[in-house]
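Enquirer: So that you have it, the file is entry.txt, and it contains compact mmCIF, C-alpha atoms:
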```txt
# COMPACT_ATOMS: atom_id res chain seq x y z
CA MET A 1282 142.41 39.53 -17.82
CA ALA A 1283 143.89 37.18 -20.38
CA LYS A 1284 141.41 35.22 -22.43
CA SER A 1285 141.50 31.51 -21.82
CA LEU A 1286 141.65 29.51 -25.05
CA THR A 1287 140.05 26.20 -25.91
CA VAL A 1288 141.53 23.58 -28.19
CA GLN A 1289 138.94 24.58 -30.79
CA ASN A 1290 140.13 28.21 -30.63
CA ILE A 1291 143.65 27.07 -31.47
CA ILE A 1292 142.43 24.88 -34.32
CA ASP A 1293 140.43 27.79 -35.75
CA ASP A 1294 143.40 30.13 -35.43
CA VAL A 1295 145.78 27.71 -37.13
CA ASN A 1296 143.29 26.82 -39.87
CA GLU A 1297 142.92 30.50 -40.62
CA SER A 1298 146.63 31.24 -40.94
CA VAL A 1299 148.41 28.01 -41.86
CA GLY A 1300 145.81 25.74 -43.38
CA ALA A 1301 143.46 22.94 -42.38
CA ALA A 1302 144.69 19.94 -40.42
CA SER A 1303 142.65 17.16 -38.86
CA ASP A 1304 141.43 17.56 -35.28
CA THR A 1305 143.26 14.39 -34.26
CA TYR A 1306 146.56 15.71 -35.58
CA MET A 1307 145.98 19.09 -33.95
CA LEU A 1308 145.30 17.42 -30.61
CA ARG A 1309 148.59 15.55 -30.98
CA LEU A 1310 150.49 18.76 -31.71
CA ILE A 1311 148.87 20.54 -28.77
CA ASN A 1312 149.79 17.64 -26.47
CA ASP A 1313 153.36 17.78 -27.80
CA ALA A 1314 153.41 21.49 -26.96
CA LEU A 1315 152.09 20.83 -23.45
CA LEU A 1316 154.75 18.19 -22.84
CA ASP A 1317 157.47 20.49 -24.11
CA ILE A 1318 156.27 23.35 -21.91
CA SER A 1319 156.05 21.12 -18.85
CA GLU A 1320 159.69 20.12 -19.40
CA LYS A 1321 160.78 23.74 -19.56
CA LYS A 1322 158.50 25.28 -16.92
CA GLN A 1323 157.50 23.31 -13.87
CA HIS A 1324 154.47 25.42 -13.18
CA TYR A 1325 151.54 23.05 -12.80
CA THR A 1326 151.29 21.62 -9.27
CA LYS A 1327 148.95 18.92 -8.08
CA GLU A 1328 148.16 17.12 -4.84
CA VAL A 1329 147.32 13.46 -4.48
CA THR A 1330 146.56 11.30 -1.50
CA THR A 1331 146.69 7.61 -0.80
CA ASP A 1332 146.39 5.32 2.19
CA LEU A 1333 149.39 4.85 4.44
CA LYS A 1334 149.50 1.09 4.72
CA THR A 1335 150.92 -0.94 7.56
CA LYS A 1336 154.06 -2.82 6.52
CA GLN A 1337 154.09 -1.36 3.04
CA ARG A 1338 157.18 0.61 2.12
CA TRP A 1339 156.82 1.43 -1.56
CA TYR A 1340 154.09 3.42 -3.31
CA THR A 1341 154.01 3.75 -7.08
CA LEU A 1342 154.43 7.24 -8.48
CA SER A 1343 152.33 8.16 -11.49
CA ASP A 1344 153.86 9.01 -14.85
CA ASP A 1345 152.68 12.63 -14.76
CA MET A 1346 154.93 13.50 -11.80
CA ILE A 1347 157.95 15.61 -12.71
CA ASP A 1348 159.33 16.27 -9.26
CA ILE A 1349 158.06 15.96 -5.72
CA LEU A 1350 157.67 19.21 -3.81
CA ARG A 1351 156.30 17.97 -0.53
CA VAL A 1352 155.31 14.74 1.20
CA GLU A 1353 152.98 14.87 4.17
CA VAL A 1354 151.68 12.27 6.57
CA LEU A 1355 148.33 12.51 8.32
CA ASP A 1356 148.85 12.79 12.05
CA SER A 1357 146.60 11.47 14.76
CA ASN A 1358 144.91 14.87 15.03
CA GLY A 1359 143.81 14.73 11.40
CA ARG A 1360 146.38 17.25 10.13
CA TYR A 1361 148.91 16.70 7.37
CA VAL A 1362 152.47 17.16 8.61
CA MET A 1363 155.35 17.61 6.21
CA VAL A 1364 158.02 14.93 6.46
CA PRO A 1365 161.68 15.35 5.47
CA LYS A 1366 163.40 13.55 2.67
CA LEU A 1367 165.98 10.98 3.65
CA ALA A 1368 169.04 12.25 1.86
CA ASP A 1369 171.24 9.20 2.25
CA PRO A 1370 169.04 6.09 2.54
CA HIS A 1371 171.91 3.88 1.41
CA LYS A 1372 173.84 4.76 4.58
CA ILE A 1373 171.03 4.50 7.09
CA LEU A 1374 169.14 1.55 5.72
CA LYS A 1375 171.24 -1.55 6.03
CA ALA A 1376 168.84 -3.70 4.03
CA ASP A 1377 165.95 -2.58 1.87
CA THR A 1378 163.39 -4.99 3.22
CA ASP A 1379 159.83 -4.29 4.17
CA SER A 1380 159.62 -6.54 7.17
CA ASN A 1381 161.15 -9.70 8.50
CA SER A 1382 157.92 -11.09 9.86
CA ALA A 1383 154.99 -10.92 7.45
CA SER A 1384 155.04 -12.74 4.15
CA GLU A 1385 152.24 -10.72 2.53
CA THR A 1386 154.33 -7.59 2.86
CA PHE A 1387 156.82 -8.91 0.37
CA THR A 1388 154.01 -9.47 -2.14
CA ASP A 1389 152.70 -5.97 -1.63
CA SER A 1390 156.02 -4.29 -2.13
CA SER A 1391 157.06 -6.24 -5.19
CA GLY A 1392 153.86 -6.31 -7.21
CA ALA A 1393 151.05 -4.34 -5.71
CA ASP A 1394 152.28 -0.92 -4.84
CA ASP A 1395 149.46 1.34 -3.91
CA SER A 1396 148.60 3.86 -6.61
CA LEU A 1397 148.34 7.54 -5.84
CA THR A 1398 144.97 8.81 -6.92
CA MET B 328 164.81 15.77 11.06
CA ALA B 329 161.21 16.23 12.06
CA THR B 330 160.62 16.76 15.70
CA ASN B 331 158.44 14.53 17.73
CA LYS B 332 155.59 17.01 18.08
CA ARG B 333 152.68 14.75 17.53
CA THR B 334 151.47 11.41 18.68
CA TYR B 335 151.98 8.17 16.89
CA PRO B 336 151.69 7.23 14.01
CA ASN B 337 153.63 10.17 12.70
CA ASP B 338 156.71 10.11 14.88
CA TYR B 339 159.80 10.82 12.81
CA PHE B 340 158.56 9.96 9.37
CA VAL B 341 160.85 10.33 6.38
CA TYR B 342 160.54 9.55 2.71
CA TYR B 343 162.79 8.89 -0.19
CA ASN B 344 162.04 8.04 -3.78
CA ASP B 345 163.41 6.69 -7.00
CA ASP B 346 162.04 7.40 -10.47
CA ASN B 347 158.98 5.23 -10.11
CA ARG B 348 158.31 4.76 -6.44
CA LEU B 349 158.08 6.57 -3.15
CA ALA B 350 159.18 4.94 0.10
CA ILE B 351 157.65 5.97 3.40
CA LEU B 352 159.60 5.11 6.52
CA CYS B 353 159.32 5.89 10.18
CA GLN B 354 161.78 5.59 12.99
CA ASP B 355 161.92 2.14 14.43
CA ILE B 356 160.68 2.52 17.99
CA THR B 357 159.78 -1.11 18.65
CA SER B 358 161.77 -3.29 20.97
CA THR B 359 160.32 -6.65 19.97
CA ASN B 360 161.91 -9.34 17.83
CA ASP B 361 159.93 -8.04 14.86
CA SER B 362 162.09 -4.98 14.83
CA THR B 363 164.96 -4.78 12.37
CA SER B 364 168.34 -3.35 13.25
CA ASP B 365 167.77 -0.38 10.92
CA LYS B 366 167.13 3.06 12.26
CA TYR B 367 164.21 3.54 9.90
CA ASP B 368 161.77 0.85 9.00
CA THR B 369 158.51 0.41 7.15
CA PHE B 370 155.52 1.90 8.93
CA GLN B 371 154.06 -0.68 11.29
CA GLY B 372 151.55 1.36 13.26
CA ALA B 373 147.80 0.91 13.50
CA GLY B 374 145.30 2.44 11.13
CA ASN B 375 142.81 5.17 11.85
CA LEU B 376 139.57 3.38 11.06
CA SER B 377 137.97 1.13 13.62
CA GLY B 378 134.53 -0.02 14.65
CA THR B 379 132.38 -2.40 16.57
CA ILE B 380 131.24 -5.64 14.99
CA SER B 381 127.73 -6.29 16.23
CA ASP B 382 127.31 -9.59 14.42
CA ALA B 383 129.69 -12.03 12.73
CA ASP B 384 128.39 -15.15 10.98
CA CYS B 385 130.35 -17.78 9.10
CA SER B 386 129.04 -19.97 6.31
CA GLY B 387 131.68 -22.32 4.94
CA THR B 388 134.77 -20.14 4.80
CA THR B 389 132.97 -16.83 4.24
CA ILE B 390 132.53 -14.67 7.32
CA THR B 391 130.04 -11.81 7.15
CA PHE B 392 130.75 -8.99 9.57
CA THR B 393 127.96 -6.53 10.36
CA CYS B 394 129.10 -3.31 12.03
CA SER B 395 127.09 -1.12 14.32
CA ALA B 396 127.92 1.94 12.14
CA ASP B 397 129.39 2.79 8.72
CA HIS B 398 132.76 1.04 8.52
CA GLY B 399 134.31 3.40 5.93
CA LEU B 400 136.16 0.56 4.19
CA THR B 401 136.47 -0.30 0.50
CA THR B 402 137.05 -3.68 -1.09
CA GLY B 403 140.70 -4.70 -0.86
CA ASP B 404 141.38 -2.80 2.35
CA ARG B 405 143.11 -4.78 5.08
CA VAL B 406 141.81 -4.94 8.65
CA SER B 407 142.63 -6.67 11.89
CA ILE B 408 139.80 -8.46 13.72
CA SER B 409 139.88 -8.93 17.46
CA GLY B 410 137.54 -9.74 20.33
CA THR B 411 135.69 -12.56 18.59
CA THR B 412 135.94 -16.22 19.59
CA ASN B 413 136.59 -17.78 16.19
CA PHE B 414 137.20 -15.00 13.67
CA ASN B 415 140.31 -13.23 14.95
CA ASP B 416 143.36 -12.65 12.75
CA ASP B 417 144.89 -16.08 13.30
CA ASN B 418 141.76 -17.75 11.85
CA LEU B 419 141.64 -15.65 8.70
CA ALA B 420 142.97 -16.67 5.31
CA SER B 421 143.89 -13.06 4.56
CA GLN B 422 143.12 -9.69 6.04
CA ALA B 423 141.60 -8.22 2.89
CA VAL B 424 137.91 -7.35 3.03
CA THR B 425 135.16 -7.43 0.43
CA VAL B 426 132.66 -4.68 1.10
CA SER B 427 128.99 -5.59 0.76
CA ASN B 428 127.47 -2.31 1.90
CA VAL B 429 128.23 0.60 4.22
CA ASN B 430 128.06 -1.45 7.40
CA THR B 431 128.77 -4.98 6.18
CA PHE B 432 131.91 -6.63 4.83
CA THR B 433 133.07 -10.19 4.31
CA MET B 434 136.38 -11.97 4.85
CA THR B 435 137.62 -15.49 4.24
CA ARG B 436 138.36 -17.92 7.05
CA SER B 437 141.29 -20.32 6.63
CA SER B 438 139.03 -23.30 7.43
CA SER B 439 135.28 -23.68 7.21
CA SER B 440 133.11 -23.00 10.21
CA SER B 441 129.45 -22.56 11.09
CA ASP B 442 129.93 -20.27 14.09
CA THR B 443 127.46 -17.39 14.26
CA ASN B 444 126.37 -14.42 16.34
CA GLU B 445 129.85 -13.37 17.47
CA THR B 446 130.86 -9.83 18.31
CA GLY B 447 134.18 -8.00 18.32
CA THR B 448 136.04 -5.05 16.81
CA PHE B 449 137.93 -4.26 13.63
CA THR B 450 140.88 -1.92 13.13
CA SER B 451 142.17 -0.90 9.73
CA LEU B 452 145.75 -1.75 8.79
CA PHE B 453 146.13 1.57 7.02
CA VAL B 454 145.70 5.26 7.69
CA ASP B 455 142.94 6.43 5.37
CA ASN B 456 144.42 9.03 2.96
CA GLY B 457 147.45 9.00 5.24
CA ILE B 458 149.93 10.25 2.63
CA ARG B 459 149.62 13.47 0.66
CA ILE B 460 152.07 14.41 -2.07
CA THR B 461 152.38 17.81 -3.70
CA TYR B 462 154.30 17.71 -6.97
CA HIS B 463 155.06 19.43 -10.23
CA SER B 464 152.98 17.70 -12.83
CA LYS B 465 152.83 17.42 -16.55
CA TYR B 466 149.80 19.19 -17.95
CA GLU B 467 146.62 17.22 -18.48
CA GLU B 468 146.25 15.61 -21.88
CA ALA B 469 143.99 17.34 -24.42
CA THR B 470 141.42 14.80 -25.53
CA ALA B 471 138.62 16.89 -27.08
CA THR B 472 138.28 20.11 -29.02
CA GLY B 473 136.14 21.53 -26.23
CA ASN B 474 138.96 21.29 -23.66
CA ASN B 475 139.85 24.60 -22.07
CA LEU B 476 143.61 25.01 -21.83
CA GLN B 477 143.43 26.65 -18.42
CA SER B 478 140.60 24.99 -16.55
CA ASP B 479 140.86 21.51 -18.13
CA LEU B 480 144.54 21.17 -18.91
CA GLY B 481 146.08 23.35 -16.21
CA LEU B 482 148.01 25.66 -18.55
CA ASP B 483 148.33 29.26 -17.41
CA SER B 484 146.58 31.62 -19.83
CA ALA B 485 149.85 33.52 -20.34
CA LEU B 486 151.19 30.45 -22.14
CA HIS B 487 148.26 29.85 -24.47
CA ASN B 488 149.80 31.85 -27.29
CA ALA B 489 152.98 29.81 -26.91
CA VAL B 490 150.96 26.71 -27.77
CA VAL B 491 149.60 28.44 -30.88
CA CYS B 492 153.16 29.34 -31.94
CA TYR B 493 154.38 25.80 -31.31
CA VAL B 494 151.59 24.28 -33.41
CA LYS B 495 152.19 26.73 -36.25
CA ALA B 496 155.93 26.03 -36.18
CA ARG B 497 155.32 22.31 -36.44
CA LEU B 498 152.83 22.72 -39.30
CA TYR B 499 155.19 25.00 -41.24
CA GLU B 500 157.97 22.46 -40.71
CA ASN B 501 155.71 19.82 -42.23
CA ASP B 502 155.14 22.09 -45.22
CA GLU B 503 158.93 22.61 -45.45
CA ASP B 504 158.46 26.34 -45.03
CA PHE B 505 161.41 26.65 -42.69
CA GLN B 506 161.50 30.43 -42.64
CA PHE B 507 158.03 30.64 -41.06
CA ALA B 508 158.71 27.56 -38.96
CA ASP B 509 161.83 29.18 -37.52
CA TYR B 510 159.96 32.42 -36.89
CA PHE B 511 157.21 30.72 -34.89
CA ARG B 512 159.68 28.46 -33.12
CA LYS B 513 161.57 31.54 -31.90
CA MET B 514 158.29 33.20 -30.88
CA TYR B 515 157.43 30.07 -28.91
CA GLU B 516 160.83 29.97 -27.19
CA ALA B 517 160.62 33.67 -26.33
CA LYS B 518 157.16 33.32 -24.78
CA ILE B 519 158.31 30.39 -22.68
CA LYS B 520 161.43 32.24 -21.57
CA LYS B 521 159.52 35.39 -20.61
CA PHE B 522 156.85 33.56 -18.66
CA ARG B 523 157.16 34.08 -14.91
CA SER B 524 156.46 30.70 -13.45
CA ARG B 525 156.24 31.81 -9.84
CA ARG B 526 153.91 34.39 -8.46
CA SER B 527 156.15 36.30 -6.11
CA ALA B 528 155.10 38.55 -3.29
CA VAL B 529 156.81 41.74 -2.21
CA ARG B 530 159.82 40.66 -0.22
CA VAL B 531 160.90 43.94 1.36
CA LEU B 532 159.16 46.97 2.65
CA SER B 533 160.18 50.10 0.85
CA VAL B 534 160.56 52.81 3.47
CA PRO B 535 160.85 56.30 2.00
CA ARG B 536 163.55 58.61 3.36
CA LEU B 537 162.02 61.38 5.37
```
Would you encode the structure as structure tokens?
Expert:
Amino acid sequence: MAKSLTVQNIIDDVNESVGAASDTYMLRLINDALLDISEKKQHYTKEVTTDLKTKQRWYTLSDDMIDILRVEVLDSNGRYVMVPKLADPHKILKADTDSNSASETFTDSSGADDSLT
Amino acid sequence: MATNKRTYPNDYFVYYNDDNRLAILCQDITSTNDSTSDKYDTFQGAGNLSGTISDADCSGTTITFTCSADHGLTTGDRVSISGTTNFNDDNLASQAVTVSNVNTFTMTRSSSSSDTNETGTFTSLFVDNGIRITYHSKYEEATATGNNLQSDLGLDSALHNAVVCYVKARLYENDEDFQFADYFRKMYEAKIKKFRSRRSAVRVLSVPRL
């Protein structure tokens, strides 16, 4: 089984072979490496949940999302059911409005999207 | 399109997204004037949390609702109140709640009142944890030297040496030792290229010829 490294292991390894660098700089380089790898290999998957709110259309996506694999909605039996992606919303949706009846919905959709936690 | 296998509120849901936001829609099944002419509209169903209000008292514009059991709400959640005489939705300034404790929350009335001892019900205007998204993520950010690359940052152990090579390449570049920098850069690229990002199962049964 492959040995799992810590940041300190990498710092020690690099200090031994290349020369000493500050921990702060090493952390920056390691984070650069992680970003570069995540661009090349989409391997790390995560799941997040949030409330499905009445009369709220838009939900803010977090910066760490690269691409969405699956969206599920909780059904009335307490099970998550996968929902399809609307491939051509511009054809089906005549106007991108949340509702024509409730004023607070407009506020929600423009400035207070629910965050995915 | 999803089939209508389950009961509302998940009839014919769809989603779409742009770079920053995700839109959840469901098929417009209403026939009232509130309905738009679009085939899909914003979700307008009821939530999945509800409860009995055993006591509602108003002081000024602040209404304190006491429930007969844990309400399961958090501050900022929106609920609909019904069954009371003076504290139903049309009397409220907003439908957002402020949670006091597990069975008490407060709301604001649009005008002051001193009515007390009312009873009714509340229903949430959201489905608690009603959306789940699975996505490819960036790795977690390393913030301390004690961080484990696999368990804390999510990086597969097969890629740990690639990180070492990347860091060395960058440090040699800084020292203007481009020969070593190029060597470690190529090592890094090779390790990334060779890494199998999907764990695949056996797809066919191998039947020997008899």
Enquirer: Distance cut-off 6 Å, counting only C-alpha atoms - which residues of chain B neighbour chain A? Return them as a PDB file with C-alpha atoms, in the coordinates of the input.
Expert:
```pdb
ATOM      1  CA  ASN B 337     153.630  10.170  12.700  1.00  0.00           C
ATOM      2  CA  PHE B 340     158.560   9.960   9.370  1.00  0.00           C
ATOM      3  CA  VAL B 341     160.850  10.330   6.380  1.00  0.00           C
ATOM      4  CA  TYR B 342     160.540   9.550   2.710  1.00  0.00           C
ATOM      5  CA  TYR B 343     162.790   8.890  -0.190  1.00  0.00           C
ATOM      6  CA  ASN B 347     158.980   5.230 -10.110  1.00  0.00           C
ATOM      7  CA  ARG B 348     158.310   4.760  -6.440  1.00  0.00           C
ATOM      8  CA  LEU B 349     158.080   6.570  -3.150  1.00  0.00           C
ATOM      9  CA  ALA B 350     159.180   4.940   0.100  1.00  0.00           C
ATOM     10  CA  ILE B 351     157.650   5.970   3.400  1.00  0.00           C
ATOM     11  CA  ASP B 365     167.770  -0.380  10.920  1.00  0.00           C
ATOM     12  CA  THR B 369     158.510   0.410   7.150  1.00  0.00           C
ATOM     13  CA  PHE B 370     155.520   1.900   8.930  1.00  0.00           C
ATOM     14  CA  GLN B 371     154.060  -0.680  11.290  1.00  0.00           C
ATOM     15  CA  LEU B 452     145.750  -1.750   8.790  1.00  0.00           C
ATOM     16  CA  PHE B 453     146.130   1.570   7.020  1.00  0.00           C
ATOM     17  CA  VAL B 454     145.700   5.260   7.690  1.00  0.00           C
ATOM     18  CA  ASP B 455     142.940   6.430   5.370  1.00  0.00           C
ATOM     19  CA  ASN B 456     144.420   9.030   2.960  1.00  0.00           C
ATOM     20  CA  GLY B 457     147.450   9.000   5.240  1.00  0.00           C
ATOM     21  CA  ILE B 458     149.930  10.250   2.630  1.00  0.00           C
ATOM     22  CA  ARG B 459     149.620  13.470   0.660  1.00  0.00           C
ATOM     23  CA  ILE B 460     152.070  14.410  -2.070  1.00  0.00           C
ATOM     24  CA  THR B 461     152.380  17.810  -3.700  1.00  0.00           C
ATOM     25  CA  TYR B 462     154.300  17.710  -6.970  1.00  0.00           C
ATOM     26  CA  HIS B 463     155.060  19.430 -10.230  1.00  0.00           C
ATOM     27  CA  SER B 464     152.980  17.700 -12.830  1.00  0.00           C
ATOM     28  CA  LYS B 465     152.830  17.420 -16.550  1.00  0.00           C
ATOM     29  CA  THR B 472     138.280  20.110 -29.020  1.00  0.00           C
ATOM     30  CA  ASN B 474     138.960  21.290 -23.660  1.00  0.00           C
ATOM     31  CA  ASN B 475     139.850  24.600 -22.070  1.00  0.00           C
ATOM     32  CA  LEU B 476     143.610  25.010 -21.830  1.00  0.00           C
ATOM     33  CA  SER B 484     146.580  31.620 -19.830  1.00  0.00           C
ATOM     34  CA  VAL B 490     150.960  26.710 -27.770  1.00  0.00           C
ATOM     35  CA  VAL B 494     151.590  24.280 -33.410  1.00  0.00           C
ATOM     36  CA  SER B 524     156.460  30.700 -13.450  1.00  0.00           C
TER      37      SER B 524
END
```
Enquirer: Report, in Å to a single decimal, how far apart CA of Gly374 in chain B and CA of Asp397 in chain B are.
Expert: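 Rounded to one decimal, the two atoms are 16.1 Å apart.
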Enquirer: Could you check how far CA of Thr433 in chain B sits from CA of Thr389 in chain B, in Å to one decimal?
Expert: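 Between CA of Thr433 in chain B and CA of Thr389 in chain B the gap works out to 6.6 Å.
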Enquirer: To one decimal in Å, tell me the separation between CA of Val424 in chain B and CA of Thr450 in chain B.
Expert: 11.8 Å
Enquirer: Every residue with an atom at most 9 Å from (137.6, -21.9, 15.8) (file coordinates; only C-alpha atoms) is what I'm after, so could you write them as a list in words?
Expert: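 It turns out the residues near that spot are Thr412, Asn413, Phe414, Asn418, Ser438, Ser440 and Asp442 of chain B.
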Enquirer: Rank nothing, just name the residue among B:Arg512, B:Cys385, B:Arg405, B:Asn428 nearest to Tyr499 in chain B, using only C-alpha atoms.
Expert: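 Selected residue with least distance to Tyr499 in chain B: B:Arg512.
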Enquirer: For a quick check of understanding, using only C-alpha atoms, which of B:Gln354, B:Asn415, B:Ser437, B:Ser409 has the smallest distance to Gly378 in chain B?
Expert: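 Going through B:Gln354, B:Asn415, B:Ser437, B:Ser409 one by one, the smallest distance to Gly378 in chain B is for B:Ser409.
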Enquirer: Taking all atoms of range 411-422 of chain B that appear in the file, build a box with edges along x, y and z, extend it by 8 Å on every side, and state its centre and edge lengths in Å to one decimal, as JSON.
Expert:
```
{"center_x": 140.3, "center_y": -13.7, "center_z": 12.1, "size_x": 25.2, "size_y": 24.1, "size_z": 31.0}
```
Enquirer: So which residues touch Phe432 in chain B within 9 Å, counting only C-alpha atoms, skipping near sequence neighbours fewer than 4 positions away, as an MDAnalysis selection string?
Expert: chainID B and resid 390:394 398 400:402 424:428
Enquirer: Output C-alpha atoms of each residue in that selection to a file, as a compact mmCIF listing (two decimals), keeping the file's coordinate frame.
Expert:
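The result, written out as part32.txt:
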```txt
# COMPACT_ATOMS: atom_id res chain seq x y z
CA ILE B 390 132.53 -14.67 7.32
CA THR B 391 130.04 -11.81 7.15
CA PHE B 392 130.75 -8.99 9.57
CA THR B 393 127.96 -6.53 10.36
CA CYS B 394 129.10 -3.31 12.03
CA HIS B 398 132.76 1.04 8.52
CA LEU B 400 136.16 0.56 4.19
CA THR B 401 136.47 -0.30 0.50
CA THR B 402 137.05 -3.68 -1.09
CA VAL B 424 137.91 -7.35 3.03
CA THR B 425 135.16 -7.43 0.43
CA VAL B 426 132.66 -4.68 1.10
CA SER B 427 128.99 -5.59 0.76
CA ASN B 428 127.47 -2.31 1.90
```
